[in-house]
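Engineer: Structure incoming, see below.
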Amino acid sequence: MTPQELSSALARIVTDLVGARGLDLVVTDSDTQVERPKNRDHGDWASNVAMKFAKRLGTNPREFAQEVATAAESIDGVAKAEVAGPGFINLTLDAASAGETARRVVEQGENYGRSDVLAGQRINLEFVSANPTGPLHMGHTRWAALGDSTARVLRAAGAEVTNEYYINDAGAQMNKFGRSVLAAALGEDAPEDAYPGEYIQSLGARVREQIPGLAELAASDRDAALEQAQELAYQLQLAEIKDSLERFNVHFDVFFSERTLHADGEDGEPSRIAAAIDRLREQGHVYEEDDAIWVRTTAFGDDKDRVFTRGNGVYTYFAADAAYYLDKMDRGFTEKIYLLGADHHGYIGRLTAIAGAAGDDIETSITVLIGQLVNLNGARLSKRAGNIIELDDLLEWLGTDALRYWLARYPADSPLALDGEKLRSRSNDNPVFYVQYAHARTCAVDRNAAAAGLDRSAFAPELLTHETETELLGKLQQYPGIVAGAAELREPHRIARFLEEFAAAFHRWYDNCRVLPMGDEPITDLHRTRLWLNDAAGQVLRNGLDLIGVSAPERL
RNA sequence: GCCUCCGUAGCUCAGUGGAUAGAGCAACGGCCUUCUAAUCCGUCGGUCGCAGGUUCGAAUCCUGCCGGGGGCACCA
């Protein structure tokens, strides 16, 4: 008996009771969702359906609850149904029905927790998108972890997801980057507005090495030298970014170059930006004023209209954004998600306006998730302030697992601080170890069982009656709902928080219920059944950790 | 000024309109001759920023105020 099955059974019961009163009310599973009560005295699962419907039925919640409870007692697998408080229906499963979950988890393996609640959705998830003019730093790290985990959770719920990185490889920043690297390569003083940071020097050295005769070329044709140096430095830097991301266990399906939007089309076709502006003009959203070309984003809720083409004839950054959005649309994504830092929150209005201008439904086709920035030991990091801490440094210092777990366990809109001492500690200060330790323990039990000749030849779920077993089974049952909820809300931190609760339930069970026989005690079906439960617990820990990109070691 | 996020235990923070608001840390006290004590058990700890409102029911939704972060470009 799963919570989903329980909800369905309750929906049928309530439908019948409503029908018996001659009322025409539609009752769906979502009306009868059960929740895990905080208090164990309130049973295994509880429903508030009576309180929701009593008013519409013109009856007393407790009376209606009693009717539902009476019918619910005949559901197969339900041992007890009681009315409590203002009209809650508290359901208790019989031990065999609850215990059956362990076998189901083991049988479904890594598929346990996957669902199809988001089936049919084609989602484009854009995140990080850092300029390729320097290494990834801490400001990007949170979005990398959050974005990749979000994608994993969405996929687990059946969505088709493309992880996408937009490369700002056109425009003034790139030129500044090129000039900085060229000067470094030639041993010149840094230009006035040069990028700070030692990485420029090392890029300069590599550029000098890989472009023979650069100094001579610079002397005869400075622009040509700049172009070559800039291009090579860009490729080197982008490769390093990709490398860092892979080491952080973050995977992108598409690296989308802004240049492709600016480039002229084939056979004299206009660039994609020009084409995009034309398309929006045909929709009636583009106008000219003061020598500039504008888009009427205010028609879709933006505070002010935005410029596409400046008075000097140059496209704004936003024009490329618009063309990029249209490209995503043309690629058939049903939803475009942008994961941005709080410093970009002013972009929400204009981005959603472009979606509207392009003819998309702004309620469903675009989602802009804004996350708060990260602090490190109190000092917020910014590239401009010069105190850059690179992702690579953080990885070397803390490791992928600790860093990803910590960044994944807070809601995106919650301020977050990285505490190096905590992340390096091997204690309850550091929740990733707590969860990984639980997994390692399941593996230790498995090894010891094999050595002791304990096998899985029997499964007697009705024997799993210890209080801590009921708790652990309850957590196993909750897991699929947690994953589905995290996907629907785009909140992967729910997975991490659940894993911590799950690990706690496992540790308590481990402390109270031995899997292996003691000494020369004979092996019983209870031992064998508990081995199944141990397997199931390990499976859920693996599945959950995988959703946040963290490893599940077999030993610590 | 406008927009937006946040305000919950001493600290860091969870909490999808439900029952007595939770966890970790910190403090204090317990459990190892048996599967990993990186675990487990207990005690202490609250004006959910403030005030109204909606609701059978509000930390959660609405309004106003107070305090803090961020944002309000023909920059990228």
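Residues are referred to by chain and number: the chain letter is A, B, ... according to the order shown in the structure tokens, the number counts from 1 in that chain, and ligands are numbered separately from 1 in the order shown.
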As number ranges by chain, please: the residues near region 5-9 of chain B (cut-off 9 Å, only C-alpha atoms (C1' of nucleotides), same-chain neighbours under 2 positions excluded).
Structural biologist: A: 342, 370-372, 413-415; B: 21, 45-46, 48-49, 59, 67-70
Engineer: Can I get the selection written as a PDB file, in the first residue's frame, with N, CA and C atoms (P, O5', C5', C4', C3', O3' and C1' of nucleotides)?
Structural biologist:
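Contents of part24.pdb, as written:
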ATOM      1  N   ALA A 342      20.250  37.005  -7.860  1.00  0.00           N
ATOM      2  CA  ALA A 342      19.372  38.090  -7.430  1.00  0.00           C
ATOM      3  C   ALA A 342      19.772  39.414  -8.083  1.00  0.00           C
ATOM      4  N   ILE A 370      14.960  33.105  -9.381  1.00  0.00           N
ATOM      5  CA  ILE A 370      15.958  34.031  -8.869  1.00  0.00           C
ATOM      6  C   ILE A 370      16.539  33.475  -7.581  1.00  0.00           C
ATOM      7  N   GLY A 371      17.846  33.381  -7.529  1.00  0.00           N
ATOM      8  CA  GLY A 371      18.476  32.858  -6.331  1.00  0.00           C
ATOM      9  C   GLY A 371      19.304  33.911  -5.622  1.00  0.00           C
ATOM     10  N   GLN A 372      19.389  33.767  -4.308  1.00  0.00           N
ATOM     11  CA  GLN A 372      20.209  34.695  -3.531  1.00  0.00           C
ATOM     12  C   GLN A 372      21.691  34.347  -3.681  1.00  0.00           C
ATOM     13  N   ASP A 413      16.051  30.782  -2.937  1.00  0.00           N
ATOM     14  CA  ASP A 413      15.819  32.159  -2.512  1.00  0.00           C
ATOM     15  C   ASP A 413      16.253  32.398  -1.068  1.00  0.00           C
ATOM     16  N   SER A 414      16.931  31.434  -0.493  1.00  0.00           N
ATOM     17  CA  SER A 414      17.417  31.607   0.872  1.00  0.00           C
ATOM     18  C   SER A 414      18.890  32.010   0.832  1.00  0.00           C
ATOM     19  N   PRO A 415      19.250  33.017   1.611  1.00  0.00           N
ATOM     20  CA  PRO A 415      20.662  33.401   1.656  1.00  0.00           C
ATOM     21  C   PRO A 415      21.469  32.226   2.192  1.00  0.00           C
TER      22      PRO A 415
ATOM     23  P     A B  21       3.256  23.792  19.043  1.00  0.00           P
ATOM     24  O5'   A B  21       4.333  23.278  17.999  1.00  0.00           O
ATOM     25  C5'   A B  21       3.937  22.661  16.762  1.00  0.00           C
ATOM     26  C4'   A B  21       4.962  22.966  15.695  1.00  0.00           C
ATOM     27  C3'   A B  21       6.400  22.707  16.128  1.00  0.00           C
ATOM     28  O3'   A B  21       6.753  21.370  15.856  1.00  0.00           O
ATOM     29  C1'   A B  21       6.210  24.837  15.095  1.00  0.00           C
ATOM     30  P     G B  45      13.332  25.197  28.906  1.00  0.00           P
ATOM     31  O5'   G B  45      13.674  25.995  27.568  1.00  0.00           O
ATOM     32  C5'   G B  45      14.352  27.244  27.633  1.00  0.00           C
ATOM     33  C4'   G B  45      15.096  27.493  26.357  1.00  0.00           C
ATOM     34  C3'   G B  45      14.225  27.750  25.124  1.00  0.00           C
ATOM     35  O3'   G B  45      13.797  29.104  25.076  1.00  0.00           O
ATOM     36  C1'   G B  45      15.929  26.201  24.591  1.00  0.00           C
ATOM     37  P     G B  46      12.242  29.439  25.222  1.00  0.00           P
ATOM     38  O5'   G B  46      12.112  30.702  24.267  1.00  0.00           O
ATOM     39  C5'   G B  46      12.719  30.738  23.007  1.00  0.00           C
ATOM     40  C4'   G B  46      11.761  31.266  21.971  1.00  0.00           C
ATOM     41  C3'   G B  46      10.409  31.744  22.503  1.00  0.00           C
ATOM     42  O3'   G B  46      10.029  32.907  21.786  1.00  0.00           O
ATOM     43  C1'   G B  46      10.073  30.063  20.868  1.00  0.00           C
ATOM     44  P     C B  48       5.270  34.009  18.259  1.00  0.00           P
ATOM     45  O5'   C B  48       6.519  33.884  17.282  1.00  0.00           O
ATOM     46  C5'   C B  48       6.681  34.846  16.235  1.00  0.00           C
ATOM     47  C4'   C B  48       7.650  34.326  15.237  1.00  0.00           C
ATOM     48  C3'   C B  48       7.287  34.710  13.809  1.00  0.00           C
ATOM     49  O3'   C B  48       8.492  34.962  13.089  1.00  0.00           O
ATOM     50  C1'   C B  48       7.401  32.367  13.989  1.00  0.00           C
ATOM     51  P     G B  49       8.461  36.140  12.034  1.00  0.00           P
ATOM     52  O5'   G B  49       8.658  37.463  12.892  1.00  0.00           O
ATOM     53  C5'   G B  49       9.714  37.554  13.852  1.00  0.00           C
ATOM     54  C4'   G B  49       9.830  38.979  14.307  1.00  0.00           C
ATOM     55  C3'   G B  49       8.493  39.661  14.573  1.00  0.00           C
ATOM     56  O3'   G B  49       8.027  39.411  15.888  1.00  0.00           O
ATOM     57  C1'   G B  49       9.806  41.020  13.153  1.00  0.00           C
ATOM     58  P     A B  59       0.325  30.370  12.989  1.00  0.00           P
ATOM     59  O5'   A B  59       1.832  30.667  12.579  1.00  0.00           O
ATOM     60  C5'   A B  59       2.314  32.002  12.576  1.00  0.00           C
ATOM     61  C4'   A B  59       3.461  32.139  11.613  1.00  0.00           C
ATOM     62  C3'   A B  59       3.042  32.116  10.138  1.00  0.00           C
ATOM     63  O3'   A B  59       2.705  33.411   9.689  1.00  0.00           O
ATOM     64  C1'   A B  59       4.832  30.619  10.509  1.00  0.00           C
ATOM     65  P     G B  67      13.114  51.145   9.689  1.00  0.00           P
ATOM     66  O5'   G B  67      13.912  49.776   9.727  1.00  0.00           O
ATOM     67  C5'   G B  67      14.651  49.414  10.888  1.00  0.00           C
ATOM     68  C4'   G B  67      15.203  48.024  10.761  1.00  0.00           C
ATOM     69  C3'   G B  67      16.031  47.745   9.510  1.00  0.00           C
ATOM     70  O3'   G B  67      17.352  48.237   9.587  1.00  0.00           O
ATOM     71  C1'   G B  67      14.512  45.973   9.844  1.00  0.00           C
ATOM     72  P     G B  68      18.078  48.699   8.213  1.00  0.00           P
ATOM     73  O5'   G B  68      18.441  47.313   7.517  1.00  0.00           O
ATOM     74  C5'   G B  68      19.550  46.558   7.986  1.00  0.00           C
ATOM     75  C4'   G B  68      19.614  45.217   7.304  1.00  0.00           C
ATOM     76  C3'   G B  68      19.895  45.226   5.807  1.00  0.00           C
ATOM     77  O3'   G B  68      21.249  45.460   5.472  1.00  0.00           O
ATOM     78  C1'   G B  68      18.151  43.705   6.254  1.00  0.00           C
ATOM     79  P     G B  69      21.571  46.080   4.030  1.00  0.00           P
ATOM     80  O5'   G B  69      21.368  44.840   3.058  1.00  0.00           O
ATOM     81  C5'   G B  69      22.232  43.723   3.147  1.00  0.00           C
ATOM     82  C4'   G B  69      21.860  42.687   2.114  1.00  0.00           C
ATOM     83  C3'   G B  69      21.851  43.153   0.668  1.00  0.00           C
ATOM     84  O3'   G B  69      23.153  43.271   0.110  1.00  0.00           O
ATOM     85  C1'   G B  69      19.948  41.840   1.074  1.00  0.00           C
ATOM     86  P     G B  70      23.425  44.394  -1.008  1.00  0.00           P
ATOM     87  O5'   G B  70      22.514  43.925  -2.222  1.00  0.00           O
ATOM     88  C5'   G B  70      22.833  42.755  -2.945  1.00  0.00           C
ATOM     89  C4'   G B  70      21.766  42.450  -3.963  1.00  0.00           C
ATOM     90  C3'   G B  70      21.487  43.539  -4.984  1.00  0.00           C
ATOM     91  O3'   G B  70      22.460  43.599  -6.016  1.00  0.00           O
ATOM     92  C1'   G B  70      19.446  42.701  -4.180  1.00  0.00           C
TER      93        G B  70
END
Engineer: Sort by chain and increasing residue number a table of all residues of chain B within 7 Å of chain A, each with its closest pair of atoms and their distance in Å to one decimal, counting only C-alpha atoms (C1' of nucleotides), and write it as a Markdown table.
Structural biologist:
| residue | atom | partner | partner_atom | distance |
| --- | --- | --- | --- | --- |
| B:C5 | C1' | A:Asp413 | CA | 6.6 |
| B:A19 | C1' | A:Gly85 | CA | 6.5 |
| B:G24 | C1' | A:Asp429 | CA | 6.7 |
| B:C25 | C1' | A:Asp429 | CA | 6.6 |
| B:U34 | C1' | A:Met518 | CA | 6.1 |
| B:C35 | C1' | A:Val445 | CA | 5.1 |
| B:U36 | C1' | A:Arg441 | CA | 6.4 |
| B:A38 | C1' | A:Ser427 | CA | 5.2 |
| B:U39 | C1' | A:His507 | CA | 6.3 |
| B:C40 | C1' | A:Asp511 | CA | 6.2 |
| B:G70 | C1' | A:Ala342 | CA | 5.6 |
| B:G71 | C1' | A:Gly346 | CA | 5.6 |
| B:C72 | C1' | A:Gly346 | CA | 6.7 |
| B:C74 | C1' | A:Arg310 | CA | 4.5 |
| B:A76 | C1' | A:Gln173 | CA | 6.2 |
Engineer: DSSP on the backbone: which residues in region 124-289 of chain A end up as alpha helix (DSSP H)? Give the answer as a VMD selection string.
Structural biologist: chain A and resid 138 to 156 172 to 186 198 to 210 214 to 220 222 to 247 259 to 262 272 to 282
Engineer: Please give the complete set of residues from region 192-403 of chain A that DSSP, run on the backbone, assigns to strand (DSSP E), formatted as a PyMOL selection string.
Structural biologist: chain A and resi 254-257+286-289+292-295+306-309+335-341+366-371+374-376+379-380
Engineer: Figure out the distance between CA of Pro3 (chain A) and CA of Gln478 (chain A), please, to one decimal in Å.
Structural biologist: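 Answer for the CA of Gln478 (chain A) to CA of Pro3 (chain A) separation: 7.4 Å.
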Engineer: Give me, as an mmCIF file with all heavy atoms, in the first residue's frame, all polymer residues having an atom no more than 9 Å from region 275-289 of chain A, counting only C-alpha atoms (C1' of nucleotides) and skipping those fewer than 4 positions away in the same chain.
Structural biologist:
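Written file, part-v2.cif:
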data_model
loop_
_atom_site.group_PDB
_atom_site.id
_atom_site.type_symbol
_atom_site.label_atom_id
_atom_site.label_comp_id
_atom_site.auth_asym_id
_atom_site.auth_seq_id
_atom_site.Cartn_x
_atom_site.Cartn_y
_atom_site.Cartn_z
ATOM 1 N N GLU A 269 21.163 36.040 -46.128
ATOM 2 C CA GLU A 269 20.060 36.101 -45.170
ATOM 3 C C GLU A 269 20.469 36.995 -44.005
ATOM 4 O O GLU A 269 21.659 37.105 -43.691
ATOM 5 C CB GLU A 269 19.753 34.700 -44.637
ATOM 6 C CG GLU A 269 19.141 33.767 -45.669
ATOM 7 C CD GLU A 269 17.711 34.144 -46.005
ATOM 8 O OE1 GLU A 269 16.932 34.386 -45.058
ATOM 9 O OE2 GLU A 269 17.391 34.226 -47.213
ATOM 10 N N PRO A 270 19.514 37.634 -43.359
ATOM 11 C CA PRO A 270 19.869 38.476 -42.210
ATOM 12 C C PRO A 270 20.338 37.635 -41.029
ATOM 13 O O PRO A 270 20.083 36.423 -40.995
ATOM 14 C CB PRO A 270 18.556 39.191 -41.887
ATOM 15 C CG PRO A 270 17.493 38.304 -42.418
ATOM 16 C CD PRO A 270 18.067 37.625 -43.630
ATOM 17 N N SER A 271 21.004 38.277 -40.089
ATOM 18 C CA SER A 271 21.410 37.571 -38.874
ATOM 19 C C SER A 271 20.157 37.152 -38.109
ATOM 20 O O SER A 271 19.055 37.643 -38.364
ATOM 21 C CB SER A 271 22.258 38.483 -37.988
ATOM 22 O OG SER A 271 21.431 39.475 -37.396
ATOM 23 N N ILE A 293 15.646 51.558 -32.124
ATOM 24 C CA ILE A 293 14.551 50.620 -32.378
ATOM 25 C C ILE A 293 14.152 49.999 -31.043
ATOM 26 O O ILE A 293 14.999 49.461 -30.314
ATOM 27 C CB ILE A 293 14.972 49.532 -33.382
ATOM 28 C CG1 ILE A 293 15.269 50.200 -34.733
ATOM 29 C CG2 ILE A 293 13.882 48.475 -33.526
ATOM 30 C CD1 ILE A 293 15.803 49.251 -35.779
ATOM 31 N N TRP A 294 12.885 50.102 -30.728
ATOM 32 C CA TRP A 294 12.375 49.693 -29.429
ATOM 33 C C TRP A 294 11.421 48.507 -29.553
ATOM 34 O O TRP A 294 10.836 48.294 -30.607
ATOM 35 C CB TRP A 294 11.586 50.844 -28.789
ATOM 36 C CG TRP A 294 12.393 52.070 -28.481
ATOM 37 C CD1 TRP A 294 12.906 52.957 -29.384
ATOM 38 C CD2 TRP A 294 12.779 52.533 -27.191
ATOM 39 N NE1 TRP A 294 13.589 53.953 -28.742
ATOM 40 C CE2 TRP A 294 13.518 53.729 -27.380
ATOM 41 C CE3 TRP A 294 12.559 52.077 -25.893
ATOM 42 C CZ2 TRP A 294 14.048 54.451 -26.317
ATOM 43 C CZ3 TRP A 294 13.073 52.804 -24.837
ATOM 44 C CH2 TRP A 294 13.825 53.978 -25.045
ATOM 45 N N VAL A 295 11.261 47.815 -28.433
ATOM 46 C CA VAL A 295 10.238 46.770 -28.363
ATOM 47 C C VAL A 295 9.305 47.129 -27.207
ATOM 48 O O VAL A 295 9.751 47.562 -26.146
ATOM 49 C CB VAL A 295 10.856 45.361 -28.182
ATOM 50 C CG1 VAL A 295 11.746 45.311 -26.943
ATOM 51 C CG2 VAL A 295 9.764 44.304 -28.100
ATOM 52 N N ARG A 296 8.021 46.964 -27.478
ATOM 53 C CA ARG A 296 7.034 47.424 -26.508
ATOM 54 C C ARG A 296 6.814 46.346 -25.442
ATOM 55 O O ARG A 296 5.772 45.681 -25.401
ATOM 56 C CB ARG A 296 5.731 47.775 -27.226
ATOM 57 C CG ARG A 296 4.752 48.586 -26.374
ATOM 58 C CD ARG A 296 3.579 49.111 -27.175
ATOM 59 N NE ARG A 296 3.933 50.249 -28.018
ATOM 60 C CZ ARG A 296 4.002 50.228 -29.351
ATOM 61 N NH1 ARG A 296 3.756 49.112 -30.001
ATOM 62 N NH2 ARG A 296 4.319 51.307 -30.032
ATOM 63 N N THR A 297 7.771 46.185 -24.560
ATOM 64 C CA THR A 297 7.651 45.155 -23.517
ATOM 65 C C THR A 297 6.611 45.540 -22.465
ATOM 66 O O THR A 297 6.121 44.682 -21.745
ATOM 67 C CB THR A 297 9.012 44.920 -22.827
ATOM 68 O OG1 THR A 297 9.545 46.180 -22.409
ATOM 69 C CG2 THR A 297 9.992 44.245 -23.757
ATOM 70 N N ALA A 299 3.728 46.213 -22.961
ATOM 71 C CA ALA A 299 2.462 45.569 -23.297
ATOM 72 C C ALA A 299 2.329 44.218 -22.589
ATOM 73 O O ALA A 299 1.252 43.637 -22.534
ATOM 74 C CB ALA A 299 2.349 45.385 -24.809
ATOM 75 N N PHE A 308 16.262 47.659 -28.714
ATOM 76 C CA PHE A 308 16.900 46.567 -29.448
ATOM 77 C C PHE A 308 18.152 47.070 -30.164
ATOM 78 O O PHE A 308 19.198 46.455 -30.135
ATOM 79 C CB PHE A 308 15.945 45.985 -30.496
ATOM 80 C CG PHE A 308 15.091 44.856 -29.983
ATOM 81 C CD1 PHE A 308 13.938 44.483 -30.670
ATOM 82 C CD2 PHE A 308 15.423 44.153 -28.835
ATOM 83 C CE1 PHE A 308 13.145 43.436 -30.224
ATOM 84 C CE2 PHE A 308 14.631 43.110 -28.382
ATOM 85 C CZ PHE A 308 13.486 42.754 -29.080
ATOM 86 N N ALA A 319 18.719 42.532 -27.349
ATOM 87 C CA ALA A 319 18.294 42.067 -28.676
ATOM 88 C C ALA A 319 18.739 40.623 -28.887
ATOM 89 O O ALA A 319 17.995 39.791 -29.412
ATOM 90 C CB ALA A 319 18.865 42.974 -29.755
ATOM 91 N N ALA A 320 19.969 40.342 -28.450
ATOM 92 C CA ALA A 320 20.457 38.964 -28.568
ATOM 93 C C ALA A 320 19.641 38.039 -27.671
ATOM 94 O O ALA A 320 19.313 36.913 -28.058
ATOM 95 C CB ALA A 320 21.935 38.902 -28.200
ATOM 96 N N ALA A 322 16.557 38.308 -26.917
ATOM 97 C CA ALA A 322 15.269 38.070 -27.571
ATOM 98 C C ALA A 322 15.420 37.034 -28.674
ATOM 99 O O ALA A 322 14.610 36.103 -28.793
ATOM 100 C CB ALA A 322 14.714 39.375 -28.124
ATOM 101 N N ALA A 323 16.468 37.190 -29.478
ATOM 102 C CA ALA A 323 16.693 36.226 -30.567
ATOM 103 C C ALA A 323 16.936 34.837 -29.988
ATOM 104 O O ALA A 323 16.484 33.828 -30.532
ATOM 105 C CB ALA A 323 17.887 36.667 -31.410
ATOM 106 N N TYR A 324 17.633 34.806 -28.874
ATOM 107 C CA TYR A 324 17.932 33.536 -28.219
ATOM 108 C C TYR A 324 16.638 32.881 -27.732
ATOM 109 O O TYR A 324 16.436 31.669 -27.884
ATOM 110 C CB TYR A 324 18.885 33.798 -27.061
ATOM 111 C CG TYR A 324 19.383 32.574 -26.326
ATOM 112 C CD1 TYR A 324 19.560 31.358 -26.972
ATOM 113 C CD2 TYR A 324 19.702 32.657 -24.971
ATOM 114 C CE1 TYR A 324 20.026 30.255 -26.290
ATOM 115 C CE2 TYR A 324 20.170 31.561 -24.279
ATOM 116 C CZ TYR A 324 20.329 30.358 -24.939
ATOM 117 O OH TYR A 324 20.792 29.269 -24.248
ATOM 118 N N LEU A 326 13.666 33.256 -28.985
ATOM 119 C CA LEU A 326 12.942 32.738 -30.152
ATOM 120 C C LEU A 326 13.564 31.433 -30.635
ATOM 121 O O LEU A 326 12.861 30.519 -31.080
ATOM 122 C CB LEU A 326 12.950 33.772 -31.280
ATOM 123 C CG LEU A 326 12.091 35.013 -31.029
ATOM 124 C CD1 LEU A 326 12.226 35.991 -32.183
ATOM 125 C CD2 LEU A 326 10.629 34.634 -30.839
ATOM 126 N N ASP A 327 14.884 31.354 -30.527
ATOM 127 C CA ASP A 327 15.552 30.120 -30.934
ATOM 128 C C ASP A 327 15.116 28.949 -30.057
ATOM 129 O O ASP A 327 14.827 27.856 -30.534
ATOM 130 C CB ASP A 327 17.071 30.304 -30.844
ATOM 131 C CG ASP A 327 17.811 29.073 -31.321
ATOM 132 O OD1 ASP A 327 18.050 28.985 -32.538
ATOM 133 O OD2 ASP A 327 18.108 28.187 -30.486
ATOM 134 N N ILE A 354 9.287 39.338 -23.598
ATOM 135 C CA ILE A 354 9.680 38.794 -24.899
ATOM 136 C C ILE A 354 8.906 37.508 -25.191
ATOM 137 O O ILE A 354 8.439 37.280 -26.299
ATOM 138 C CB ILE A 354 11.202 38.534 -24.941
ATOM 139 C CG1 ILE A 354 11.923 39.864 -25.138
ATOM 140 C CG2 ILE A 354 11.575 37.577 -26.056
ATOM 141 C CD1 ILE A 354 11.581 40.576 -26.434
ATOM 142 N N ALA A 357 5.546 38.637 -26.253
ATOM 143 C CA ALA A 357 5.574 39.260 -27.577
ATOM 144 C C ALA A 357 5.741 38.211 -28.663
ATOM 145 O O ALA A 357 5.227 38.352 -29.772
ATOM 146 C CB ALA A 357 6.701 40.283 -27.647
ATOM 147 N N ALA A 358 6.461 37.151 -28.328
ATOM 148 C CA ALA A 358 6.695 36.093 -29.318
ATOM 149 C C ALA A 358 5.490 35.180 -29.453
ATOM 150 O O ALA A 358 5.481 34.282 -30.287
ATOM 151 C CB ALA A 358 7.921 35.281 -28.913
ATOM 152 N N GLY A 359 4.480 35.398 -28.622
ATOM 153 C CA GLY A 359 3.269 34.608 -28.747
ATOM 154 C C GLY A 359 3.181 33.430 -27.800
ATOM 155 O O GLY A 359 2.250 32.629 -27.889
#
Engineer: Hey, which of A:Ile337, A:Ala505, A:Ile523, A:Met329 ends up closest to Asn163 (chain A)? Count only C-alpha atoms.
Structural biologist: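 That would be A:Ile337, the residue with the smallest distance to Asn163 (chain A).
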Engineer: If we count only C-alpha atoms (C1' of nucleotides), what is near C61 (chain B) at a cut-off of 10 Å, once residues fewer than 6 positions away on the same chain are taken out, given as a VMD selection string?
Structural biologist: chain B and resid 17 54 to 55
Engineer: Which residue is closest to Gly544 (chain A)? Choose from A:Ala156, A:Val68, A:Ala79, A:Ala119 and count only C-alpha atoms.
Structural biologist: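 Nearest to Gly544 (chain A): A:Ala156.
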Engineer: Name all residues at most 9 Å from Arg247 (chain A) (count only C-alpha atoms (C1' of nucleotides); drop same-chain ones fewer than 3 positions away) and give them as a ChimeraX atom specification.
Structural biologist: /A:242-244,250,392,395,400
Engineer: Let me see the file: selected residues, N, CA and C atoms, as a JSON list (two decimals), in the first residue's frame.
Structural biologist:
[["chain", "number", "residue", "atom", "x", "y", "z"],
["A", 242, "LYS", "N", 34.57, 24.31, -18.97],
["A", 242, "LYS", "CA", 33.90, 23.01, -19.16],
["A", 242, "LYS", "C", 34.53, 21.95, -18.27],
["A", 243, "ASP", "N", 35.85, 22.02, -18.17],
["A", 243, "ASP", "CA", 36.58, 21.06, -17.37],
["A", 243, "ASP", "C", 36.18, 21.19, -15.89],
["A", 244, "SER", "N", 36.11, 22.42, -15.41],
["A", 244, "SER", "CA", 35.74, 22.65, -14.01],
["A", 244, "SER", "C", 34.33, 22.11, -13.74],
["A", 250, "VAL", "N", 28.71, 18.53, -13.02],
["A", 250, "VAL", "CA", 27.65, 19.31, -13.65],
["A", 250, "VAL", "C", 27.76, 19.16, -15.16],
["A", 392, "ASP", "N", 37.51, 25.98, -8.90],
["A", 392, "ASP", "CA", 38.57, 24.98, -8.78],
["A", 392, "ASP", "C", 39.19, 24.97, -7.39],
["A", 395, "LEU", "N", 36.79, 23.31, -5.02],
["A", 395, "LEU", "CA", 36.76, 21.86, -5.22],
["A", 395, "LEU", "C", 37.96, 21.19, -4.57],
["A", 400, "THR", "N", 33.97, 17.78, -4.27],
["A", 400, "THR", "CA", 32.70, 17.93, -4.99],
["A", 400, "THR", "C", 31.50, 17.58, -4.11]]
Engineer: For Gly399 (chain A), which of A:Tyr165, A:Ala536, A:Glu5, A:Arg424 is the closest residue, counting only C-alpha atoms?
Structural biologist: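 Of all the options, A:Arg424 lies closest to Gly399 (chain A).
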Engineer: Rounded to one decimal, what separation in Å do you get between CA of Tyr325 (chain A) and CA of Val368 (chain A)?
Structural biologist: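 If I compute the distance from CA of Tyr325 (chain A) to CA of Val368 (chain A), I get 12.7 Å.
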Engineer: Which is closest to A26 (chain B) among B:G64, B:G57, B:G10, B:G42, if we use only C-alpha atoms (C1' of nucleotides)?
Structural biologist: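 Comparing B:G64, B:G57, B:G10, B:G42 against A26 (chain B), the winner is B:G10.
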Engineer: Mind checking which residues fall within 9 Å of Glu335 (chain A), counting only C-alpha atoms (C1' of nucleotides), ignoring those fewer than 4 positions away in the same chain, and posting them as an MDAnalysis selection string?
Structural biologist: chainID A and resid 121:125 329 364:367
